file start03.tsv (TSV, C-alpha atoms and all ligand atoms)
chain	number	residue	atom	x	y	z
A	1	MET	CA	-23.80	41.96	28.37
A	2	ASN	CA	-21.45	41.49	25.41
A	3	VAL	CA	-21.06	44.32	22.95
A	4	LEU	CA	-19.64	44.01	19.45
A	5	GLN	CA	-19.07	47.35	17.75
A	6	ILE	CA	-18.65	47.45	14.00
A	7	ILE	CA	-17.23	50.80	12.99
A	8	SER	CA	-17.08	52.16	9.43
A	9	ILE	CA	-16.29	48.86	7.73
A	10	THR	CA	-15.51	49.23	4.03
A	11	LYS	CA	-14.50	46.36	1.78
A	12	LYS	CA	-13.59	46.45	-1.90
A	13	TYR	CA	-12.90	43.68	-4.36
A	14	GLU	CA	-10.60	45.19	-7.00
A	15	SER	CA	-12.15	48.64	-7.17
A	16	ARG	CA	-15.73	47.51	-6.55
A	17	ILE	CA	-17.12	48.44	-3.14
A	18	VAL	CA	-19.03	45.55	-1.54
A	19	LEU	CA	-19.37	47.04	1.95
A	20	ASN	CA	-19.61	50.79	2.24
A	21	ASP	CA	-18.97	52.36	5.63
A	22	VAL	CA	-21.07	49.91	7.65
A	23	SER	CA	-21.41	50.75	11.35
A	24	THR	CA	-23.57	49.12	13.98
A	25	THR	CA	-23.49	47.89	17.55
A	26	ILE	CA	-24.54	44.34	18.30
A	27	VAL	CA	-25.43	43.01	21.74
A	28	ASN	CA	-26.61	39.69	23.17
A	29	GLY	CA	-29.50	38.07	21.37
A	30	ILE	CA	-30.06	37.03	17.78
A	31	THR	CA	-29.42	39.64	15.10
A	32	GLY	CA	-30.68	38.68	11.65
A	33	ILE	CA	-28.89	39.88	8.53
A	34	ILE	CA	-30.97	40.01	5.37
A	35	GLY	CA	-30.57	41.50	1.93
A	36	PRO	CA	-30.57	40.52	-1.74
A	37	ASN	CA	-27.89	38.23	-3.20
A	38	GLY	CA	-24.59	40.02	-3.46
A	39	SER	CA	-25.48	42.71	-0.91
A	40	GLY	CA	-22.43	41.88	1.22
A	41	LYS	CA	-23.90	39.71	3.99
A	42	SER	CA	-21.35	36.90	3.79
A	43	THR	CA	-18.52	39.41	3.37
A	44	LEU	CA	-19.51	41.13	6.61
A	45	LEU	CA	-19.44	37.84	8.55
A	46	LYS	CA	-16.09	36.86	7.01
A	47	ILE	CA	-14.63	40.18	8.16
A	48	ILE	CA	-15.84	39.55	11.71
A	49	THR	CA	-14.23	36.09	11.68
A	50	GLY	CA	-10.92	37.54	10.51
A	51	LEU	CA	-10.98	35.49	7.29
A	52	LEU	CA	-11.10	38.70	5.24
A	53	SER	CA	-9.50	42.00	6.16
A	54	PRO	CA	-11.51	45.16	5.64
A	55	ASP	CA	-10.03	48.02	3.62
A	56	ASN	CA	-11.16	50.39	6.28
A	57	GLY	CA	-12.84	50.29	9.68
A	58	THR	CA	-12.40	48.64	13.05
A	59	LEU	CA	-14.15	46.23	15.37
A	60	PHE	CA	-14.41	46.51	19.15
A	61	TYR	CA	-15.49	43.84	21.57
A	62	ASN	CA	-16.46	45.03	25.04
A	63	GLU	CA	-14.69	48.32	24.35
A	64	LYS	CA	-11.41	46.69	23.34
A	65	ARG	CA	-10.15	46.81	19.77
A	66	ILE	CA	-10.25	43.30	18.35
A	67	ASN	CA	-7.13	41.78	16.90
A	68	LEU	CA	-8.97	39.70	14.30
A	69	GLN	CA	-6.01	37.38	13.70
A	70	SER	CA	-5.46	36.56	17.38
A	71	MET	CA	-6.09	33.21	19.03
A	72	GLU	CA	-7.94	35.10	21.75
A	73	TRP	CA	-10.54	36.21	19.19
A	74	ARG	CA	-10.66	32.87	17.34
A	75	VAL	CA	-11.69	30.95	20.44
A	76	LYS	CA	-14.52	33.39	21.17
A	77	ILE	CA	-16.24	32.87	17.82
A	78	GLY	CA	-18.06	30.00	16.17
A	79	TYR	CA	-18.55	30.33	12.42
A	80	LEU	CA	-20.73	28.42	10.00
A	81	PRO	CA	-19.79	29.37	6.42
A	82	GLN	CA	-22.39	29.47	3.66
A	83	GLU	CA	-20.65	26.47	2.06
A	84	PRO	CA	-19.04	24.61	4.92
A	85	GLY	CA	-16.17	22.23	4.27
A	86	LEU	CA	-16.03	19.34	6.72
A	87	TYR	CA	-13.49	16.61	7.41
A	88	GLU	CA	-15.15	14.06	5.17
A	89	ARG	CA	-13.30	10.97	6.38
A	90	MET	CA	-13.98	11.33	10.09
A	91	THR	CA	-17.17	10.29	11.81
A	92	ALA	CA	-19.34	13.14	13.04
A	93	TYR	CA	-18.36	12.31	16.63
A	94	GLU	CA	-14.62	12.11	15.86
A	95	TYR	CA	-14.77	15.44	14.06
A	96	LEU	CA	-16.46	17.24	16.95
A	97	ASP	CA	-14.06	15.57	19.40
A	98	TYR	CA	-11.11	16.72	17.29
A	99	LEU	CA	-12.43	20.30	17.29
A	100	LEU	CA	-12.80	20.25	21.07
A	101	ILE	CA	-9.23	18.99	21.44
A	102	LEU	CA	-8.10	21.92	19.27
A	103	SER	CA	-10.08	24.20	21.59
A	104	LYS	CA	-8.13	22.77	24.52
A	105	TRP	CA	-10.88	20.73	26.12
A	106	LYS	CA	-8.46	18.32	27.77
A	107	ASN	CA	-10.88	16.12	29.67
A	108	LYS	CA	-12.18	13.23	27.56
A	109	GLN	CA	-15.27	12.72	29.69
A	110	SER	CA	-16.34	16.40	29.45
A	111	ARG	CA	-15.78	16.30	25.68
A	112	LYS	CA	-17.99	13.24	25.47
A	113	GLU	CA	-20.73	14.87	27.53
A	114	ARG	CA	-20.56	18.07	25.50
A	115	ILE	CA	-20.73	16.25	22.14
A	116	ASN	CA	-23.59	14.01	23.20
A	117	ALA	CA	-25.57	16.90	24.64
A	118	LEU	CA	-25.18	18.96	21.46
A	119	MET	CA	-25.99	16.02	19.17
A	120	GLU	CA	-29.10	15.50	21.22
A	121	LYS	CA	-30.13	19.17	21.01
A	122	LEU	CA	-29.62	19.19	17.25
A	123	ASN	CA	-31.22	15.75	16.86
A	124	PHE	CA	-28.55	13.68	15.15
A	125	VAL	CA	-27.45	11.23	17.85
A	126	PRO	CA	-28.04	8.14	15.63
A	127	PHE	CA	-25.60	9.53	13.05
A	128	GLY	CA	-22.67	10.22	15.38
A	129	ASP	CA	-20.77	7.14	14.15
A	130	TYR	CA	-21.34	7.74	10.45
A	131	ILE	CA	-18.44	8.85	8.28
A	132	ILE	CA	-19.29	12.44	7.33
A	133	LYS	CA	-19.10	11.84	3.57
A	134	ASP	CA	-21.85	9.21	3.88
A	135	LEU	CA	-24.33	11.57	5.55
A	136	SER	CA	-27.36	13.08	3.81
A	137	GLY	CA	-27.49	16.84	3.13
A	138	GLY	CA	-29.65	17.65	6.14
A	139	ILE	CA	-27.54	15.72	8.65
A	140	ARG	CA	-24.32	17.12	7.20
A	141	GLN	CA	-25.76	20.58	7.71
A	142	LYS	CA	-26.40	19.74	11.35
A	143	VAL	CA	-22.83	18.54	11.77
A	144	ALA	CA	-21.74	21.84	10.22
A	145	ILE	CA	-23.93	23.73	12.70
A	146	ALA	CA	-22.50	21.62	15.53
A	147	GLN	CA	-18.88	22.39	14.51
A	148	ALA	CA	-19.65	26.10	14.99
A	149	LEU	CA	-21.22	25.58	18.41
A	150	ILE	CA	-19.25	22.73	19.94
A	151	HIS	CA	-16.67	24.81	21.86
A	152	ASP	CA	-19.47	26.96	23.34
A	153	PRO	CA	-18.39	30.24	21.70
A	154	LEU	CA	-19.60	33.65	22.90
A	155	ILE	CA	-20.09	34.96	19.41
A	156	ILE	CA	-21.89	32.82	16.86
A	157	LEU	CA	-21.77	33.71	13.18
A	158	PHE	CA	-24.17	31.71	11.02
A	159	ASP	CA	-24.31	32.11	7.25
A	160	GLU	CA	-27.63	30.61	6.11
A	161	PRO	CA	-27.51	27.75	8.61
A	162	THR	CA	-30.86	26.20	7.86
A	163	ASN	CA	-30.47	25.60	4.13
A	164	ASN	CA	-31.13	21.89	3.53
A	165	LEU	CA	-33.30	21.54	6.61
A	166	ASP	CA	-37.05	20.96	6.66
A	167	THR	CA	-39.40	23.15	8.72
A	168	GLU	CA	-39.35	20.93	11.80
A	169	GLU	CA	-35.57	20.79	11.89
A	170	ARG	CA	-35.27	24.54	11.19
A	171	ASN	CA	-37.55	25.22	14.14
A	172	ARG	CA	-35.47	22.93	16.31
A	173	ILE	CA	-32.31	24.89	15.46
A	174	HIS	CA	-34.14	28.19	16.02
A	175	ASP	CA	-35.40	27.04	19.43
A	176	TYR	CA	-31.92	26.01	20.48
A	177	LEU	CA	-30.46	29.34	19.38
A	178	LEU	CA	-33.17	31.20	21.29
A	179	GLU	CA	-32.36	29.09	24.35
A	180	ILE	CA	-28.66	30.05	24.32
A	181	SER	CA	-29.04	33.59	22.95
A	182	LYS	CA	-29.32	35.42	26.27
A	183	GLU	CA	-25.61	35.01	26.98
A	184	LYS	CA	-24.36	35.22	23.43
A	185	ILE	CA	-24.10	37.41	20.38
A	186	ILE	CA	-25.62	35.53	17.47
A	187	LEU	CA	-25.46	36.90	13.94
A	188	PHE	CA	-27.70	34.96	11.62
A	189	ILE	CA	-27.91	35.41	7.85
A	190	GLY	CA	-31.28	34.08	6.76
A	191	HIS	CA	-33.44	34.10	3.69
A	192	ILE	CA	-36.82	32.93	4.97
A	193	ILE	CA	-37.63	36.39	6.22
A	194	ASP	CA	-40.87	35.71	8.05
A	195	GLU	CA	-39.09	33.13	10.22
A	196	LEU	CA	-36.74	35.85	11.41
A	197	SER	CA	-39.49	37.89	13.03
A	198	ARG	CA	-39.90	35.22	15.70
A	199	LEU	CA	-36.19	34.54	15.97
A	200	CYS	CA	-34.43	37.89	15.92
A	201	SER	CA	-34.37	40.68	18.47
A	202	ARG	CA	-32.89	42.91	15.77
A	203	ILE	CA	-32.40	42.81	12.05
A	204	LEU	CA	-29.91	44.45	9.72
A	205	VAL	CA	-30.93	44.93	6.11
A	206	LEU	CA	-28.05	45.24	3.68
A	207	ASP	CA	-28.49	46.63	0.19
A	208	LYS	CA	-25.54	46.93	-2.19
A	209	GLY	CA	-23.12	47.02	0.71
A	210	GLU	CA	-24.97	49.65	2.72
A	211	LEU	CA	-27.04	49.31	5.85
A	212	LYS	CA	-30.58	50.10	4.84
A	213	TYR	CA	-32.34	49.20	8.09
A	214	ASN	CA	-31.07	48.48	11.58
A	215	GLY	CA	-33.61	47.83	14.32
A	216	LYS	CA	-36.30	45.58	15.68
A	217	PRO	CA	-38.33	43.47	13.23
A	218	ALA	CA	-41.55	44.89	14.69
A	219	GLU	CA	-40.35	48.44	14.05
A	220	LEU	CA	-39.72	47.71	10.39
A	221	ILE	CA	-43.28	46.41	10.19
A	222	GLU	CA	-44.55	49.58	11.89
A	223	GLN	CA	-42.45	51.79	9.62
A	224	GLN	CA	-43.92	50.27	6.43
A	225	ARG	CA	-47.41	49.79	7.79
A	226	ASP	CA	-48.75	53.08	6.43
A	227	PHE	CA	-48.21	51.89	2.86
A	228	VAL	CA	-49.29	48.25	2.83
A	229	LYS	CA	-52.86	47.52	1.80
A	230	GLU	CA	-55.01	44.51	1.12
A	231	ILE	CA	-57.68	43.89	-1.47
A	232	ARG	CA	-59.90	40.82	-1.71
A	233	VAL	CA	-61.47	39.85	-5.00
A	234	PRO	CA	-63.56	36.85	-6.07
A	235	PHE	CA	-61.31	34.09	-7.26
A	236	GLU	CA	-63.18	33.61	-10.58
A	237	ASN	CA	-62.48	37.17	-11.74
A	238	ASN	CA	-59.79	37.88	-14.25
A	239	HIS	CA	-56.93	39.28	-12.17
A	240	GLN	CA	-54.50	40.22	-14.87
A	241	THR	CA	-55.26	43.95	-14.87
A	242	LEU	CA	-55.27	44.08	-11.10
A	243	LYS	CA	-51.92	42.31	-10.90
A	244	GLU	CA	-50.40	44.57	-13.51
A	245	SER	CA	-51.64	47.80	-11.98
A	246	LEU	CA	-50.57	47.15	-8.38
A	247	LYS	CA	-47.12	46.92	-6.81
A	248	ILE	CA	-47.65	43.47	-5.33
A	249	LEU	CA	-46.05	42.28	-2.10
A	250	ASN	CA	-47.87	39.00	-1.69
A	251	ILE	CA	-50.76	37.02	-3.15
A	252	GLY	CA	-52.73	34.41	-1.24
A	253	GLN	CA	-56.01	32.59	-1.45
A	254	ASN	CA	-58.78	32.03	1.05
A	255	GLY	CA	-61.77	30.01	-0.09
A	256	ASN	CA	-63.19	31.78	-3.15
A	257	GLU	CA	-61.20	34.92	-2.56
A	258	LEU	CA	-57.89	36.07	-3.88
A	259	ILE	CA	-56.06	38.15	-1.29
A	260	VAL	CA	-53.60	40.66	-2.64
A	261	HIS	CA	-51.20	42.68	-0.49
A	262	PHE	CA	-49.61	45.64	-2.22
A	263	ASP	CA	-47.62	48.80	-1.70
A	264	SER	CA	-50.12	51.62	-2.10
A	265	ARG	CA	-47.49	54.28	-2.79
A	266	PHE	CA	-47.52	53.33	-6.46
A	267	ASN	CA	-51.15	52.70	-7.41
A	268	ASP	CA	-53.94	52.62	-4.90
A	269	HIS	CA	-57.24	50.80	-5.21
A	270	SER	CA	-60.56	52.14	-3.97
A	271	LYS	CA	-61.68	48.83	-2.41
A	272	SER	CA	-58.54	48.21	-0.41
A	273	CYS	CA	-57.75	48.74	3.25
A	274	LEU	CA	-54.57	49.17	5.28
A	275	ILE	CA	-53.23	46.04	6.99
A	276	LYS	CA	-50.32	45.11	9.18
A	277	PRO	CA	-47.68	43.62	6.86
A	278	THR	CA	-45.61	40.53	7.60
A	279	LEU	CA	-41.88	41.09	8.00
A	280	SER	CA	-41.20	39.91	4.46
A	281	GLU	CA	-43.84	42.28	3.07
A	282	ALA	CA	-42.38	45.16	5.08
A	283	TYR	CA	-38.91	44.19	3.83
A	284	GLN	CA	-40.05	44.24	0.17
A	285	SER	CA	-41.87	47.50	0.68
A	286	LEU	CA	-38.66	48.95	2.18
A	287	PHE	CA	-36.91	48.15	-1.09
A	288	PHE	CA	-39.74	49.66	-3.12
A	289	SER	CA	-39.17	52.94	-1.24
A	290	ASN	CA	-36.15	53.57	-3.52
A	291	GLN	CA	-38.32	53.46	-6.61
A	292	ILE	CA	-40.53	56.30	-5.50
A	293	THR	CA	-39.72	59.52	-7.26
A	294	ARG	CA	-41.39	62.45	-5.70
B	1	LIG	P1	-24.22	38.00	-0.08
B	1	LIG	O1	-23.69	37.06	0.95
B	1	LIG	O2	-25.04	39.11	0.47
B	1	LIG	O3	-24.93	37.29	-1.19
B	1	LIG	P2	-21.40	38.44	-0.62
B	1	LIG	O4	-20.88	39.07	0.61
B	1	LIG	O5	-21.10	37.00	-0.83
B	1	LIG	O6	-22.95	38.73	-0.76
B	1	LIG	O7	-20.82	39.22	-1.88
B	1	LIG	C1	-20.92	40.63	-2.03
B	1	LIG	C2	-20.35	41.00	-3.37
B	1	LIG	O8	-18.95	40.75	-3.41
B	1	LIG	C3	-20.95	40.22	-4.52
B	1	LIG	O9	-21.19	41.08	-5.59
B	1	LIG	C4	-19.90	39.21	-4.86
B	1	LIG	O10	-19.95	38.88	-6.22
B	1	LIG	C5	-18.61	39.93	-4.50
B	1	LIG	N1	-17.57	38.99	-4.09
B	1	LIG	C6	-17.65	38.10	-3.08
B	1	LIG	N2	-16.49	37.42	-2.93
B	1	LIG	C7	-15.67	37.88	-3.90
B	1	LIG	C8	-14.31	37.58	-4.27
B	1	LIG	N3	-13.60	36.67	-3.62
B	1	LIG	N4	-13.79	38.28	-5.31
B	1	LIG	C9	-14.50	39.21	-5.96
B	1	LIG	N5	-15.78	39.55	-5.65
B	1	LIG	C10	-16.35	38.90	-4.64
B	2	MG	MG	-23.89	35.02	1.13
call {"tool": "encode", "arguments": {"input": "start03.tsv", "output": "structure tokens"}}
result
Amino acid sequence: MNVLQIISITKKYESRIVLNDVSTTIVNGITGIIGPNGSGKSTLLKIITGLLSPDNGTLFYNEKRINLQSMEWRVKIGYLPQEPGLYERMTAYEYLDYLLILSKWKNKQSRKERINALMEKLNFVPFGDYIIKDLSGGIRQKVAIAQALIHDPLIILFDEPTNNLDTEERNRIHDYLLEISKEKIILFIGHIIDELSRLCSRILVLDKGELKYNGKPAELIEQQRDFVKEIRVPFENNHQTLKESLKILNIGQNGNELIVHFDSRFNDHSKSCLIKPTLSEAYQSLFFSNQITR
């Protein structure tokens, strides 16, 4: 089992605090990081990669303090930035081969096998010989994902990896990550929250640089479950008053019915009943908790 300990990380830009005393322990499996824009998700990953130095705090890997600038640490991690820059003039294959050479994979045949196997897993074999700048957004994104994985790192840091990918391709990436996650620490910043409940063994919720939740997705659902209710109303009704009076988490439609999920801590409704929220409903309701003044 690999253990990454994040201890009291604080990061400021100028005098503004963007990460405030963040501590958590991460083990093998996929840990999802979610939170509103600007909550410090990307900053946290950049600190783990060594690209940014924290103002305070330390990181330990398997009980040893990490020297974030060391080669020893660099080779253990694979990082996909939110806006990856690639070597535009190489082919996808040449680029991955070049990265493996940098990672000291000396044997040409093993490099070839590794690249082909990964291109196959990520489903872009036919594009291996394309110059990267000529690739479409989705395939480029897969090459970017591949550059983070190619050297078989122990710690994988993904900043919104599935932007640009359609559902089928997102699922393919998720399945592959699940397949390799037993032996690896995977930190995954995502924004399609309901997809993370299948993917992640744990989730971290960041809000304004602070850790607001740290645990299993199912436990967040359980924690918010007492507050989330559903009401069904005929579709033809005028829903304006209903929508304005309730703190809405989600609205759907089923046949002639409008289905409204809401946080009952604000206004309740006599015809509603408690339901089990989805992860994204539980997540929103977690944020609503701040607005309750009692
Ligand atoms: P997230 O990834 O959760 O959207 P970020 O980690 O990118 O958030 O950013 C956290 C906060 O830090 C934001 O308010 C952002 O504007 C600020 N920030 C990020 N990078 C810089 C920088 N280089 N200089 C100043 N402020 C920055
Ligand atoms: Mg970000």
call {"tool": "closest_atom_pairs", "arguments": {"input": "start03.tsv", "of": "chain A", "to": "ligand LIG 1 (chain B)", "cutoff": "6 Å", "atoms": "only C-alpha atoms and all ligand atoms", "output": "Markdown table"}}
result
| residue | atom | partner | partner_atom | distance |
| --- | --- | --- | --- | --- |
| A:Tyr13 | CA | B:LIG1 | C9 | 5.0 |
| A:Val18 | CA | B:LIG1 | C2 | 5.1 |
| A:Asn37 | CA | B:LIG1 | O3 | 3.7 |
| A:Gly38 | CA | B:LIG1 | O6 | 3.4 |
| A:Ser39 | CA | B:LIG1 | O2 | 3.9 |
| A:Gly40 | CA | B:LIG1 | O4 | 3.3 |
| A:Lys41 | CA | B:LIG1 | O2 | 3.7 |
| A:Ser42 | CA | B:LIG1 | O1 | 3.7 |
| A:Thr43 | CA | B:LIG1 | O4 | 3.6 |
call {"tool": "residues_near_ligand", "arguments": {"input": "start03.tsv", "ligand": "ligand MG 2 (chain B)", "cutoff": "12 Å", "atoms": "all atoms listed in the file", "output": "ChimeraX atom specification"}}
result
/A:18,33-46,80-83,158-161,163,188-191,206
call {"tool": "closest_residue", "arguments": {"input": "start03.tsv", "among": "A:Ile66, A:Leu52, A:Leu118, A:Leu86", "to": "Lys11 (chain A)", "atoms": "all atoms listed in the file"}}
result
A:Leu52
call {"tool": "closest_residue", "arguments": {"input": "start03.tsv", "among": "A:Ser197, A:Ser272, A:Asn2, A:Gln147", "to": "Leu242 (chain A)", "atoms": "only C-alpha atoms"}}
result
A:Ser272
call {"tool": "atom_distance", "arguments": {"input": "start03.tsv", "atom1": "CA of Trp105 (chain A)", "atom2": "CA of His151 (chain A)"}}
result
8.3 Å
call {"tool": "residues_around", "arguments": {"input": "start03.tsv", "residues": "region 214-222 of chain A", "least_positions_apart": "5", "cutoff": "7 Å", "atoms": "all atoms listed in the file", "output": "list in words"}}
result
Ser197, Ser201, Arg202, Ile203, Leu204, Val205, Pro277, Thr278, Leu279 and Ala282 of chain A
call {"tool": "atom_distance", "arguments": {"input": "start03.tsv", "atom1": "CA of Leu196 (chain A)", "atom2": "CA of Asn171 (chain A)"}}
result
11.0 Å
call {"tool": "atom_distance", "arguments": {"input": "start03.tsv", "atom1": "CA of Tyr130 (chain A)", "atom2": "CA of Glu179 (chain A)"}}
result
27.8 Å
call {"tool": "closest_residue", "arguments": {"input": "start03.tsv", "among": "A:Asp175, A:Asp97, A:Asp166, A:Glu281", "to": "Gln224 (chain A)", "atoms": "only C-alpha atoms"}}
result
A:Glu281
call {"tool": "closest_residue", "arguments": {"input": "start03.tsv", "among": "A:Ile155, A:Leu51, A:Ile186, A:Val3", "to": "Thr31 (chain A)", "atoms": "all atoms listed in the file"}}
result
A:Ile186
call {"tool": "residues_around", "arguments": {"input": "start03.tsv", "residues": "Lys76 (chain A)", "least_positions_apart": "2", "cutoff": "8 Å", "atoms": "only C-alpha atoms", "output": "ChimeraX atom specification"}}
result
/A:72-74,78,153-155
